[in-house]
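Chemist: Have a peek at input.cif (mmCIF, C-alpha atoms and all ligand atoms).
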```
data_query
loop_
_atom_site.label_atom_id
_atom_site.label_comp_id
_atom_site.auth_asym_id
_atom_site.auth_seq_id
_atom_site.Cartn_x
_atom_site.Cartn_y
_atom_site.Cartn_z
CA MET A 11 0.00 0.00 0.00
CA THR A 12 1.12 3.55 -0.67
CA MET A 13 0.22 6.68 1.28
CA ILE A 14 -0.95 9.58 -0.90
CA ALA A 15 -2.06 13.09 -0.02
CA LEU A 16 -4.21 15.08 -2.42
CA THR A 17 -7.06 17.57 -2.50
CA VAL A 18 -10.48 16.30 -3.55
CA ASN A 19 -13.22 18.89 -4.01
CA THR A 20 -11.21 21.32 -1.82
CA ARG A 21 -10.88 18.73 0.99
CA ASP A 22 -7.40 17.57 1.96
CA ILE A 23 -7.33 13.81 1.82
CA SER A 24 -4.63 11.34 2.73
CA ALA A 25 -5.11 7.63 2.29
CA ASP A 26 -3.36 4.33 1.73
CA VAL A 27 -3.95 2.99 -1.75
CA GLU A 28 -2.70 0.04 -3.71
CA PRO A 29 -0.42 1.11 -6.57
CA ARG A 30 -2.81 -0.57 -9.03
CA THR A 31 -5.92 1.35 -7.93
CA HIS A 32 -7.15 3.84 -10.48
CA LEU A 33 -8.42 7.23 -9.45
CA ALA A 34 -12.08 6.50 -10.22
CA ASP A 35 -12.11 3.41 -7.99
CA PHE A 36 -10.33 5.36 -5.27
CA LEU A 37 -12.92 8.15 -5.39
CA ARG A 38 -15.91 5.84 -5.59
CA ASP A 39 -14.81 3.14 -3.15
CA LYS A 40 -12.81 5.08 -0.59
CA LEU A 41 -14.47 8.50 -0.67
CA ASN A 42 -17.97 7.47 -1.75
CA LEU A 43 -17.90 10.03 -4.58
CA THR A 44 -20.03 7.96 -6.92
CA GLY A 45 -20.80 10.80 -9.32
CA THR A 46 -17.72 9.72 -11.25
CA HIS A 47 -19.07 6.94 -13.44
CA LEU A 48 -17.22 4.04 -15.02
CA GLY A 49 -18.15 2.80 -18.47
CA CYS A 50 -15.38 1.26 -20.51
CA GLU A 51 -12.47 1.54 -18.05
CA HIS A 52 -10.22 1.84 -21.09
CA GLY A 53 -10.10 5.60 -21.50
CA VAL A 54 -12.55 5.59 -24.39
CA CYS A 55 -16.09 6.45 -23.28
CA GLY A 56 -15.36 9.52 -21.15
CA ALA A 57 -17.89 8.59 -18.42
CA CYS A 58 -15.17 8.89 -15.76
CA THR A 59 -13.96 12.36 -16.80
CA LEU A 60 -13.14 14.72 -13.94
CA LEU A 61 -10.82 17.66 -13.39
CA LEU A 62 -7.25 16.99 -12.37
CA ASP A 63 -5.44 20.22 -11.58
CA ASP A 64 -8.34 21.92 -13.42
CA ALA A 65 -7.88 19.98 -16.65
CA PRO A 66 -10.26 17.22 -17.79
CA ALA A 67 -8.78 13.76 -17.24
CA ARG A 68 -9.90 10.15 -17.54
CA SER A 69 -9.90 8.85 -14.00
CA CYS A 70 -10.15 5.21 -15.14
CA ILE A 71 -6.67 5.34 -16.67
CA THR A 72 -5.11 7.56 -14.02
CA TYR A 73 -3.51 5.83 -11.08
CA ALA A 74 -4.45 7.23 -7.69
CA VAL A 75 -0.78 7.09 -6.63
CA ALA A 76 0.08 9.34 -9.58
CA CYS A 77 -2.22 12.01 -8.10
CA HIS A 78 -0.14 12.56 -5.00
CA GLY A 79 -0.14 16.33 -4.48
CA ALA A 80 -2.74 16.97 -7.18
CA ARG A 81 -6.07 18.79 -7.03
CA VAL A 82 -9.03 16.64 -8.04
CA THR A 83 -12.50 18.03 -8.77
CA THR A 84 -15.34 15.59 -9.36
CA ILE A 85 -18.86 16.37 -10.50
CA GLU A 86 -19.84 16.69 -6.82
CA GLY A 87 -17.26 19.46 -6.45
CA LEU A 88 -18.90 21.40 -9.29
CA ASP A 89 -22.26 21.73 -7.51
CA ASP A 90 -21.81 25.48 -7.06
CA ASP A 91 -19.69 26.08 -10.14
CA GLU A 92 -21.25 28.82 -12.28
CA ILE A 93 -20.64 27.23 -15.69
CA THR A 94 -21.74 23.79 -14.54
CA THR A 95 -24.92 25.26 -13.10
CA GLU A 96 -25.69 26.86 -16.47
CA LEU A 97 -24.88 23.62 -18.26
CA ARG A 98 -27.11 21.56 -15.96
CA ALA A 99 -30.03 23.88 -16.70
CA ALA A 100 -29.30 23.76 -20.44
CA PHE A 101 -29.03 19.95 -20.43
CA ALA A 102 -32.43 19.71 -18.74
CA ARG A 103 -33.99 22.26 -21.10
CA GLU A 104 -32.59 20.67 -24.29
CA HIS A 105 -33.26 17.04 -23.26
CA ALA A 106 -29.53 16.36 -23.38
CA LEU A 107 -29.77 13.28 -21.17
CA GLN A 108 -31.90 10.21 -20.81
CA CYS A 109 -30.37 7.62 -18.46
CA GLY A 110 -27.79 10.17 -17.32
CA TYR A 111 -24.93 7.71 -17.10
CA CYS A 112 -22.67 9.73 -19.37
CA THR A 113 -23.81 13.07 -17.97
CA PRO A 114 -21.19 13.73 -15.23
CA GLY A 115 -18.38 13.19 -17.74
CA MET A 116 -20.28 15.20 -20.38
CA LEU A 117 -20.67 18.14 -18.00
CA VAL A 118 -16.99 18.16 -17.05
CA SER A 119 -15.87 18.08 -20.71
CA ALA A 120 -18.54 20.58 -21.74
CA ARG A 121 -17.43 22.97 -19.00
CA ASP A 122 -13.94 22.92 -20.46
CA LEU A 123 -15.34 23.82 -23.91
CA VAL A 124 -17.42 26.64 -22.49
CA LEU A 125 -14.31 28.03 -20.86
CA ARG A 126 -12.12 27.75 -23.94
CA MET A 127 -14.30 28.17 -27.00
CA PRO A 128 -14.66 31.75 -28.24
CA SER A 129 -17.79 31.00 -30.29
CA ALA A 130 -20.28 28.18 -30.48
CA ASP A 131 -19.64 26.34 -33.72
CA GLU A 132 -21.54 23.02 -33.89
CA ARG A 133 -18.72 21.16 -35.58
CA ASP A 134 -16.16 22.34 -33.04
CA ILE A 135 -18.45 21.32 -30.21
CA ARG A 136 -18.91 17.86 -31.72
CA VAL A 137 -15.15 17.49 -32.15
CA GLY A 138 -14.51 18.82 -28.64
CA MET A 139 -17.01 16.37 -27.15
CA SER A 140 -15.95 13.40 -29.27
CA GLY A 141 -14.19 11.85 -26.29
CA ASN A 142 -17.49 11.44 -24.47
CA LEU A 143 -19.88 8.75 -25.66
CA CYS A 144 -23.63 8.70 -25.01
CA ARG A 145 -25.68 5.65 -25.82
CA CYS A 146 -29.06 7.32 -25.35
CA THR A 147 -29.43 10.76 -26.78
CA GLY A 148 -27.93 10.93 -30.26
CA TYR A 149 -25.96 14.00 -29.15
CA VAL A 150 -28.26 16.60 -30.75
CA GLY A 151 -29.57 17.85 -27.41
CA ILE A 152 -26.10 17.78 -25.88
CA VAL A 153 -24.62 19.91 -28.65
CA ARG A 154 -27.58 22.30 -28.48
CA ALA A 155 -27.22 22.67 -24.72
CA ILE A 156 -23.49 23.41 -24.85
CA ARG A 157 -23.95 25.78 -27.76
CA SER A 158 -26.64 27.71 -25.92
CA VAL A 159 -24.44 28.17 -22.85
CA ILE A 160 -21.47 29.37 -24.89
CA GLU A 161 -23.65 31.79 -26.87
CA ALA A 162 -25.33 33.14 -23.75
CA ARG A 163 -22.02 33.73 -21.98
CA ARG A 164 -20.41 35.45 -24.97
CA GLN A 165 -23.52 37.65 -25.32
CA ARG A 166 -23.15 38.60 -21.67
CA GLY A 167 -19.57 39.64 -22.43
CA VAL A 168 -17.91 36.68 -20.71
CA ALA A 169 -14.83 36.03 -22.86
CA SER A 170 -13.30 32.64 -23.52
CA ILE A 171 -10.00 31.80 -21.88
CA VAL A 172 -7.28 30.51 -24.15
CA GLY A 173 -6.36 26.98 -23.12
CA ALA A 174 -8.74 27.38 -20.13
CA GLY A 175 -5.88 29.18 -18.40
CA ARG A 176 -3.59 26.19 -18.37
CA THR A 177 0.08 27.10 -18.50
CA LEU A 178 1.71 23.75 -17.91
CA LEU A 179 2.51 21.29 -20.61
CA GLY A 180 2.46 17.59 -19.94
CA PRO A 181 -0.08 15.11 -18.66
CA VAL A 182 -2.78 16.55 -16.45
CA GLY A 183 -1.82 16.37 -12.82
CA SER A 184 1.86 16.58 -13.60
CA GLY A 185 2.16 20.17 -12.43
CA HIS A 186 1.47 19.64 -8.74
CA GLY A 187 2.41 16.14 -7.76
CA ASN A 188 5.86 15.64 -6.31
CA MET A 189 6.55 12.47 -8.23
CA SER A 190 9.96 11.83 -6.79
CA ASP A 191 8.43 11.95 -3.35
CA SER A 192 5.59 9.76 -4.52
CA ARG A 193 7.98 7.26 -6.06
CA ALA A 194 10.01 7.20 -2.89
CA ARG A 195 6.84 6.41 -0.98
CA VAL A 196 5.97 3.67 -3.45
CA ALA A 197 9.41 2.18 -3.03
CA ALA A 198 9.24 2.43 0.73
CA LYS A 199 5.71 1.19 1.20
CA THR A 200 4.92 -1.26 -1.56
CA THR A 201 4.39 -4.56 0.19
CA VAL A 202 2.34 -6.56 -2.31
CA GLY A 203 4.05 -8.72 -4.91
CA GLN A 204 7.52 -7.54 -4.10
CA PRO A 205 9.74 -8.85 -6.90
CA PRO A 206 12.93 -10.70 -6.09
CA ALA A 207 16.21 -9.00 -6.71
CA THR A 208 17.08 -9.14 -10.38
CA SER A 209 20.81 -8.92 -10.37
CA ASP A 210 21.88 -10.59 -13.58
CA SER A 211 23.87 -13.20 -11.77
CA ALA A 212 21.13 -14.64 -9.56
CA ILE A 213 17.54 -14.42 -10.71
CA SER A 214 15.84 -17.11 -8.71
CA ILE A 215 13.07 -19.06 -10.45
CA GLU A 216 10.89 -20.77 -7.87
CA ASP A 217 7.95 -23.06 -8.54
CA PHE A 218 4.61 -21.35 -7.93
CA SER A 219 0.87 -21.81 -8.34
CA PRO A 220 -0.36 -19.62 -11.20
CA GLU A 221 -3.39 -17.43 -10.47
CA HIS A 222 -4.66 -17.75 -14.04
CA VAL A 223 -4.33 -20.71 -16.36
CA PHE A 224 -5.62 -21.22 -19.89
CA GLU A 225 -5.15 -23.75 -22.64
CA GLN A 226 -4.04 -23.15 -26.23
CA SER A 227 -2.91 -25.36 -29.08
CA PHE A 228 -1.52 -25.08 -32.58
CA VAL A 229 -0.33 -27.32 -35.37
CA VAL A 230 2.97 -27.27 -37.22
CA LEU A 231 3.56 -29.40 -40.31
CA HIS A 232 6.62 -31.20 -39.01
CA ARG A 233 7.26 -34.46 -37.19
CA PRO A 234 6.88 -34.45 -33.38
CA ALA A 235 10.51 -35.50 -32.86
CA ASP A 236 11.74 -32.57 -35.00
CA VAL A 237 9.49 -30.13 -33.16
CA PHE A 238 10.72 -31.43 -29.82
CA ASP A 239 14.34 -30.92 -30.89
CA PHE A 240 13.49 -27.42 -32.05
CA PHE A 241 11.89 -26.61 -28.68
CA GLY A 242 15.18 -27.56 -27.03
CA ASN A 243 17.00 -24.82 -28.95
CA ILE A 244 16.25 -21.79 -26.79
CA PRO A 245 17.79 -19.11 -29.06
CA ALA A 246 15.80 -20.45 -32.03
CA VAL A 247 12.58 -20.52 -30.01
CA ALA A 248 13.20 -16.97 -28.71
CA ALA A 249 13.71 -15.77 -32.28
CA CYS A 250 10.17 -16.93 -33.10
CA LEU A 251 8.60 -15.23 -30.10
CA PRO A 252 7.58 -11.58 -30.75
CA GLY A 253 9.16 -9.23 -28.23
CA ALA A 254 11.66 -11.73 -26.79
CA SER A 255 15.41 -11.31 -26.76
CA LEU A 256 18.09 -13.20 -24.87
CA SER A 257 20.93 -11.80 -22.84
CA GLY A 258 23.97 -13.48 -21.40
CA VAL A 259 24.78 -17.14 -21.74
CA SER A 260 21.97 -19.51 -22.50
CA THR A 261 22.03 -23.21 -21.65
CA PRO A 262 19.38 -25.81 -22.54
CA GLU A 263 18.13 -25.61 -18.94
CA ARG A 264 18.19 -21.91 -18.25
CA THR A 265 18.49 -18.52 -19.87
CA GLU A 266 18.01 -14.83 -19.14
CA GLY A 267 16.54 -12.17 -21.34
CA THR A 268 13.86 -9.55 -21.85
CA MET A 269 10.32 -9.45 -23.12
CA GLN A 270 8.82 -6.21 -24.38
CA VAL A 271 5.10 -5.45 -24.24
CA ARG A 272 3.15 -2.34 -25.11
CA LEU A 273 -0.28 -1.53 -23.74
CA GLY A 274 -1.54 1.64 -25.40
CA PRO A 275 0.71 4.36 -24.00
CA ILE A 276 2.39 1.99 -21.54
CA ALA A 277 5.57 0.27 -22.67
CA ALA A 278 6.92 -2.44 -20.41
CA ARG A 279 10.18 -4.33 -20.63
CA PHE A 280 10.21 -7.43 -18.46
CA LYS A 281 13.70 -8.51 -17.60
CA GLY A 282 14.07 -11.95 -16.15
CA ALA A 283 14.94 -15.57 -16.61
CA ILE A 284 13.43 -18.92 -17.54
CA ARG A 285 14.07 -22.45 -16.41
CA VAL A 286 13.42 -25.29 -18.85
CA GLU A 287 12.52 -28.91 -18.07
CA ARG A 288 12.04 -31.49 -20.82
CA ASP A 289 10.90 -35.11 -20.96
CA PRO A 290 11.89 -36.75 -24.28
CA ALA A 291 10.03 -39.95 -23.38
CA ILE A 292 6.63 -38.25 -23.67
CA LEU A 293 7.69 -35.28 -25.82
CA SER A 294 6.68 -32.75 -23.21
CA GLY A 295 8.26 -29.90 -21.34
CA ARG A 296 7.79 -27.13 -18.86
CA ILE A 297 9.13 -23.56 -18.88
CA VAL A 298 9.00 -21.51 -15.70
CA GLY A 299 9.82 -17.82 -15.90
CA VAL A 300 10.03 -14.68 -13.80
CA GLY A 301 10.29 -11.10 -15.00
CA THR A 302 10.27 -7.57 -13.62
CA ASP A 303 9.44 -4.32 -15.38
CA GLN A 304 11.18 -1.60 -13.39
CA ARG A 305 9.31 1.26 -15.00
CA SER A 306 5.80 0.08 -14.13
CA ARG A 307 7.01 -1.78 -11.04
CA SER A 308 5.29 -4.90 -12.30
CA PHE A 309 6.37 -8.44 -11.61
CA THR A 310 5.22 -11.62 -13.30
CA ARG A 311 5.71 -15.34 -12.91
CA SER A 312 4.66 -17.65 -15.69
CA GLU A 313 4.62 -21.32 -16.45
CA ILE A 314 4.17 -22.91 -19.87
CA ARG A 315 3.62 -26.64 -20.10
CA TYR A 316 3.65 -28.21 -23.53
CA ARG A 317 2.98 -31.65 -24.95
CA LEU A 318 3.53 -32.72 -28.55
CA VAL A 319 1.14 -35.20 -30.14
CA PRO A 320 0.78 -36.33 -33.75
CA ASP A 321 -1.90 -34.31 -35.53
CA GLU A 322 -4.52 -36.79 -36.73
CA GLN A 323 -6.01 -34.66 -39.51
CA GLY A 324 -3.32 -32.76 -41.38
CA GLY A 325 -0.24 -34.73 -40.34
CA GLY A 326 2.47 -32.85 -38.49
CA THR A 327 2.37 -32.08 -34.77
CA ARG A 328 -0.26 -30.63 -32.51
CA VAL A 329 1.35 -28.58 -29.71
CA LEU A 330 -0.84 -28.58 -26.61
CA LEU A 331 -0.09 -25.69 -24.27
CA SER A 332 -1.14 -24.92 -20.74
CA ILE A 333 -0.18 -21.36 -19.88
CA GLY A 334 -0.31 -20.05 -16.33
CA TYR A 335 0.71 -16.72 -14.88
CA SER A 336 0.52 -14.38 -11.92
CA LEU A 337 1.04 -10.64 -12.26
CA ARG A 338 1.61 -7.96 -9.65
CA GLY A 339 2.08 -4.22 -9.92
CA MET A 340 0.63 -1.52 -12.12
CA LEU A 341 0.23 -3.65 -15.24
CA ALA A 342 -2.03 -6.01 -13.32
CA GLN A 343 -4.63 -3.26 -13.61
CA PHE A 344 -4.77 -3.78 -17.38
CA ALA A 345 -3.90 -7.42 -17.73
CA ARG A 346 -7.31 -8.87 -17.05
CA PRO A 347 -7.44 -12.61 -17.76
CA GLY A 348 -9.59 -12.16 -20.90
CA LEU A 349 -7.14 -9.65 -22.36
CA VAL A 350 -4.13 -11.81 -21.52
CA SER A 351 -5.85 -14.85 -23.00
CA ASN A 352 -6.50 -12.92 -26.24
CA LEU A 353 -2.95 -11.65 -26.26
CA THR A 354 -1.57 -15.13 -25.74
CA ALA A 355 -3.71 -16.47 -28.58
CA ALA A 356 -2.23 -13.81 -30.90
CA ILE A 357 1.31 -14.53 -29.73
CA THR A 358 0.76 -18.26 -30.09
CA ALA A 359 -0.48 -17.79 -33.66
CA ASP A 360 2.61 -15.70 -34.51
CA PHE A 361 4.90 -18.13 -32.76
CA ALA A 362 3.33 -21.11 -34.56
CA ARG A 363 3.80 -19.48 -37.95
CA ASN A 364 7.39 -18.42 -37.18
CA ALA A 365 8.25 -21.85 -35.76
CA ASP A 366 6.79 -23.56 -38.81
CA ARG A 367 8.96 -21.39 -41.05
CA ALA A 368 12.05 -21.92 -38.87
CA LEU A 369 11.54 -25.70 -39.00
CA SER A 370 11.33 -25.38 -42.79
CA GLY A 371 14.56 -23.36 -42.86
CA LEU A 372 12.78 -20.10 -43.73
CA PRO A 373 13.20 -16.73 -41.96
CA SER A 374 10.42 -15.32 -39.73
CA ASP A 375 7.84 -13.16 -41.57
CA GLY A 376 6.70 -11.09 -38.58
CA GLY A 377 3.02 -11.28 -37.71
CA ALA A 378 0.04 -9.59 -36.09
CA CYS A 379 2.21 -8.96 -33.04
CA ASP A 380 4.94 -6.50 -33.89
CA ASN A 381 8.18 -8.49 -33.81
CA ALA A 382 9.99 -5.79 -31.84
CA SER A 383 7.50 -5.87 -29.01
CA LEU A 384 4.30 -7.55 -28.02
CA ASN A 385 1.67 -5.01 -28.85
CA PHE A 386 -1.50 -5.08 -26.75
CA VAL A 387 -3.03 -2.33 -28.85
CA ALA A 388 -4.50 -4.62 -31.47
CA LEU A 389 -6.02 -6.73 -28.73
CA LEU A 390 -7.30 -3.73 -26.91
CA GLY A 391 -8.79 -2.77 -30.26
CA ASN A 392 -10.52 -6.14 -30.50
CA SER A 393 -11.88 -5.88 -27.04
CA MET A 394 -13.02 -2.31 -27.64
CA ARG A 395 -14.53 -3.29 -30.97
CA HIS A 396 -16.69 -5.84 -29.15
CA LYS A 397 -17.68 -3.28 -26.55
CA LEU A 398 -18.46 -0.64 -29.14
CA ARG A 399 -20.46 -3.16 -31.19
CA ARG A 400 -22.51 -3.94 -28.08
CA PHE A 401 -22.81 -0.23 -27.39
CA PHE A 402 -24.19 0.60 -30.84
CA ARG A 403 -26.43 -2.47 -30.87
CA GLY A 404 -27.93 -1.26 -27.58
CA ARG A 405 -28.29 2.21 -28.95
CA ARG A 406 -30.08 1.03 -32.11
CA ARG A 407 -32.41 -1.02 -29.93
CA GLY A 408 -33.11 2.12 -27.88
CA GLU A 409 -33.91 4.13 -31.00
CA ASN A 410 -36.30 1.49 -32.30
CA GLU A 411 -38.23 1.32 -29.05
FE1 LIG B 501 -12.97 6.03 -18.22
FE2 LIG B 501 -14.61 5.05 -20.07
S1 LIG B 501 -14.65 4.70 -17.92
S2 LIG B 501 -13.05 6.53 -20.31
FE1 LIG B 502 -25.88 9.45 -22.20
FE2 LIG B 502 -27.63 7.67 -21.22
S1 LIG B 502 -27.82 9.83 -21.33
S2 LIG B 502 -25.60 7.36 -21.86
#
```
Can I see the file as structure tokens?
Ligand code: FES
Ligand code: FES
Modeler:
Amino acid sequence: MTMIALTVNTRDISADVEPRTHLADFLRDKLNLTGTHLGCEHGVCGACTLLLDDAPARSCITYAVACHGARVTTIEGLDDDEITTELRAAFAREHALQCGYCTPGMLVSARDLVLRMPSADERDIRVGMSGNLCRCTGYVGIVRAIRSVIEARRQRGVASIVGAGRTLLGPVGSGHGNMSDSRARVAAKTTVGQPPATSDSAISIEDFSPEHVFEQSFVVLHRPADVFDFFGNIPAVAACLPGASLSGVSTPERTEGTMQVRLGPIAARFKGAIRVERDPAILSGRIVGVGTDQRSRSFTRSEIRYRLVPDEQGGGTRVLLSIGYSLRGMLAQFARPGLVSNLTAAITADFARNADRALSGLPSDGGACDNASLNFVALLGNSMRHKLRRFFRGRRRGENE
């Protein structure tokens, strides 16, 4: 747990939070400020928008620990705010809400437009509000409401403020928080999932019970004995695995290296080691690994068990995989089992294709995962595509009713 001190709606707050807790959960669960809504939790829908050091921010993708020293204003803190009061009245007048789920985030973003926009152009308002999704209204009322408030204020001689008065560049919240202090606190107080020391000479790889396990399989058009030999060649296997690179001396039983992953704006580089066990009698093996990403302070343990069986249909070999892992630290916030399972399926597909080519003496041809790093973005895209499809399906249903 990490102690943070921040101001929420003008109240000084200090609390212990887990490094993985995002700001919206912190506000809702610890401070009971439930006006901040959560929709997608991926930084897409805008339902969780609030003000961080007076600038709109997505609280679902902002860590509470990163807000140490910052000033947070939620929709509850805008009760007496002049612009928000005008916007609330305009939203009610123009029927700019139905279920109201998106409305707190809409009001916070709209307030920023009212502050900044010199005139009320519909297109600019739509662009400015494009980070806030509404599944009920069709946006017409929302745009009309915001436009009416901007027009009324300009007619009353209230000028816009360039950049809403912001003078600091950089991510919102970065102007007040003393990050070095915050990091020192994280280092001093983090007690969950403490990674082992990762000095290159002695990364210990203990057995463990994975928290999440899933099964995958793929087929390569080569004999099981050849595939088993290939799996014993760690540098060759690593060359087929997107994002993997070896460091130091590698033996058939153990090697050290790095694995790069990218999750939207977050790039992680897990440095660690693997231990390999093989049983030629039943063409099976087990790989146990540990890795630490210093930047996100994340730590993972993983275990891959494989078994090679003849493929009945197409000839060749079916590789049966059981993949288990545990993850601690900031990345655990994003690495939900469904996402990791999708990611692993994409990696497995790339690995299978690369391995098939390597066994045929051909060079790797890349794949859906960028070969330089495992890229979660495509998977995040898949997941978001499903969510958005559901969203629009729901919306069409609402319109037809
Ligand atoms: Fe934060 Fe959707 S819940 S952007
Ligand atoms: Fe916008 Fe319902 S009013 S989501």
Chemist: To one decimal place in Å, what is the distance between atom CA of A:Ile160 and atom CA of A:Leu88?
Modeler: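 Atom CA of A:Leu88 lies at a distance of 17.7 Å from atom CA of A:Ile160.
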Chemist: May I ask which of the residues A:Gly267, A:Gly301, A:Pro234, A:Gly141 is the closest one to ligand LIG 501 (chain B), counting all atoms listed in the file?
Modeler: A:Gly141
Chemist: Could you list, as a list in words, every residue within 8 Å of A:Asp122, counting all atoms listed in the file and ignoring same-chain residues fewer than 4 positions away?
Modeler: Ala65, Pro66, Val118, Arg126 and Ala174 of chain A
Chemist: Using only C-alpha atoms and all ligand atoms, which residues of chain A come within 12 Å of ligand LIG 502 (chain B), and what is the closest atom pair for each, with the distance in Å to one decimal? Give it as a tab-separated table, sorted by chain and residue number.
Modeler:
```
residue	atom	partner	partner_atom	distance
A:His47	CA	B:LIG502	S2	10.7
A:Leu48	CA	B:LIG502	S2	11.3
A:Gly49	CA	B:LIG502	S2	9.4
A:Cys50	CA	B:LIG502	S2	12.0
A:Cys55	CA	B:LIG502	S2	9.7
A:Gly56	CA	B:LIG502	S2	10.5
A:Ala57	CA	B:LIG502	S2	8.5
A:Phe101	CA	B:LIG502	S1	10.2
A:Ala102	CA	B:LIG502	S1	11.2
A:His105	CA	B:LIG502	S1	9.2
A:Ala106	CA	B:LIG502	S1	7.1
A:Leu107	CA	B:LIG502	S1	4.0
A:Gln108	CA	B:LIG502	S1	4.1
A:Cys109	CA	B:LIG502	FE2	3.9
A:Gly110	CA	B:LIG502	S1	4.0
A:Tyr111	CA	B:LIG502	S2	4.8
A:Cys112	CA	B:LIG502	FE1	4.3
A:Thr113	CA	B:LIG502	FE1	5.9
A:Pro114	CA	B:LIG502	FE1	9.4
A:Gly115	CA	B:LIG502	FE1	9.5
A:Met116	CA	B:LIG502	FE1	8.2
A:Leu117	CA	B:LIG502	FE1	11.0
A:Asn142	CA	B:LIG502	FE1	8.9
A:Leu143	CA	B:LIG502	FE1	7.0
A:Cys144	CA	B:LIG502	FE1	3.7
A:Arg145	CA	B:LIG502	S2	4.3
A:Cys146	CA	B:LIG502	FE2	4.4
A:Thr147	CA	B:LIG502	S1	5.8
A:Gly148	CA	B:LIG502	FE1	8.4
A:Tyr149	CA	B:LIG502	FE1	8.3
A:Val150	CA	B:LIG502	FE1	11.4
A:Gly151	CA	B:LIG502	S1	10.2
A:Ile152	CA	B:LIG502	FE1	9.1
A:Phe401	CA	B:LIG502	S2	9.8
A:Phe402	CA	B:LIG502	S2	11.3
A:Gly404	CA	B:LIG502	S2	10.6
A:Arg405	CA	B:LIG502	S2	9.2
A:Gly408	CA	B:LIG502	FE2	10.3
```
Chemist: Based on the selection just made, write C-alpha atoms of those residues as a short mmCIF file (atom, residue, chain, number, x, y, z; two decimals), in the coordinates of the input.
Modeler:
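Writing done, so here's again.cif:
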```
data_model
loop_
_atom_site.label_atom_id
_atom_site.label_comp_id
_atom_site.auth_asym_id
_atom_site.auth_seq_id
_atom_site.Cartn_x
_atom_site.Cartn_y
_atom_site.Cartn_z
CA HIS A 47 -19.07 6.94 -13.44
CA LEU A 48 -17.22 4.04 -15.02
CA GLY A 49 -18.15 2.80 -18.47
CA CYS A 50 -15.38 1.26 -20.51
CA CYS A 55 -16.09 6.45 -23.28
CA GLY A 56 -15.36 9.52 -21.15
CA ALA A 57 -17.89 8.59 -18.42
CA PHE A 101 -29.03 19.95 -20.43
CA ALA A 102 -32.43 19.71 -18.74
CA HIS A 105 -33.26 17.04 -23.26
CA ALA A 106 -29.53 16.36 -23.38
CA LEU A 107 -29.77 13.28 -21.17
CA GLN A 108 -31.90 10.21 -20.81
CA CYS A 109 -30.37 7.62 -18.46
CA GLY A 110 -27.79 10.17 -17.32
CA TYR A 111 -24.93 7.71 -17.10
CA CYS A 112 -22.67 9.73 -19.37
CA THR A 113 -23.81 13.07 -17.97
CA PRO A 114 -21.19 13.73 -15.23
CA GLY A 115 -18.38 13.19 -17.74
CA MET A 116 -20.28 15.20 -20.38
CA LEU A 117 -20.67 18.14 -18.00
CA ASN A 142 -17.49 11.44 -24.47
CA LEU A 143 -19.88 8.75 -25.66
CA CYS A 144 -23.63 8.70 -25.01
CA ARG A 145 -25.68 5.65 -25.82
CA CYS A 146 -29.06 7.32 -25.35
CA THR A 147 -29.43 10.76 -26.78
CA GLY A 148 -27.93 10.93 -30.26
CA TYR A 149 -25.96 14.00 -29.15
CA VAL A 150 -28.26 16.60 -30.75
CA GLY A 151 -29.57 17.85 -27.41
CA ILE A 152 -26.10 17.78 -25.88
CA PHE A 401 -22.81 -0.23 -27.39
CA PHE A 402 -24.19 0.60 -30.84
CA GLY A 404 -27.93 -1.26 -27.58
CA ARG A 405 -28.29 2.21 -28.95
CA GLY A 408 -33.11 2.12 -27.88
#
```
Chemist: For A:Arg68, work out the shell of residues within 7 Å, counting all atoms listed in the file and skipping chain neighbours fewer than 6 positions away, then give it as a PyMOL selection string.
Modeler: chain A and resi 53+56+58-60
Chemist: Starting from the incomplete input, reconstruct N, CA, C and O atoms of stretch 145-150 of chain A and report them as an mmCIF file, keeping the file's coordinate frame.
Modeler:
```cif
data_model
loop_
_atom_site.group_PDB
_atom_site.id
_atom_site.type_symbol
_atom_site.label_atom_id
_atom_site.label_comp_id
_atom_site.auth_asym_id
_atom_site.auth_seq_id
_atom_site.Cartn_x
_atom_site.Cartn_y
_atom_site.Cartn_z
ATOM 1 N N ARG A 145 -24.969 6.684 -25.078
ATOM 2 C CA ARG A 145 -25.680 5.650 -25.820
ATOM 3 C C ARG A 145 -27.177 5.939 -25.910
ATOM 4 O O ARG A 145 -27.931 5.155 -26.460
ATOM 5 N N CYS A 146 -27.626 7.056 -25.355
ATOM 6 C CA CYS A 146 -29.060 7.320 -25.350
ATOM 7 C C CYS A 146 -29.497 8.422 -26.304
ATOM 8 O O CYS A 146 -30.465 8.274 -27.024
ATOM 9 N N THR A 147 -28.801 9.534 -26.285
ATOM 10 C CA THR A 147 -29.430 10.760 -26.780
ATOM 11 C C THR A 147 -29.248 11.043 -28.259
ATOM 12 O O THR A 147 -30.021 11.790 -28.836
ATOM 13 N N GLY A 148 -28.205 10.540 -28.882
ATOM 14 C CA GLY A 148 -27.930 10.930 -30.260
ATOM 15 C C GLY A 148 -27.215 12.264 -30.361
ATOM 16 O O GLY A 148 -27.036 12.780 -31.457
ATOM 17 N N TYR A 149 -26.852 12.831 -29.235
ATOM 18 C CA TYR A 149 -25.960 14.000 -29.150
ATOM 19 C C TYR A 149 -26.586 15.349 -29.543
ATOM 20 O O TYR A 149 -26.032 16.391 -29.228
ATOM 21 N N VAL A 150 -27.717 15.327 -30.262
ATOM 22 C CA VAL A 150 -28.260 16.600 -30.750
ATOM 23 C C VAL A 150 -28.552 17.545 -29.588
ATOM 24 O O VAL A 150 -28.154 18.718 -29.582
#
```
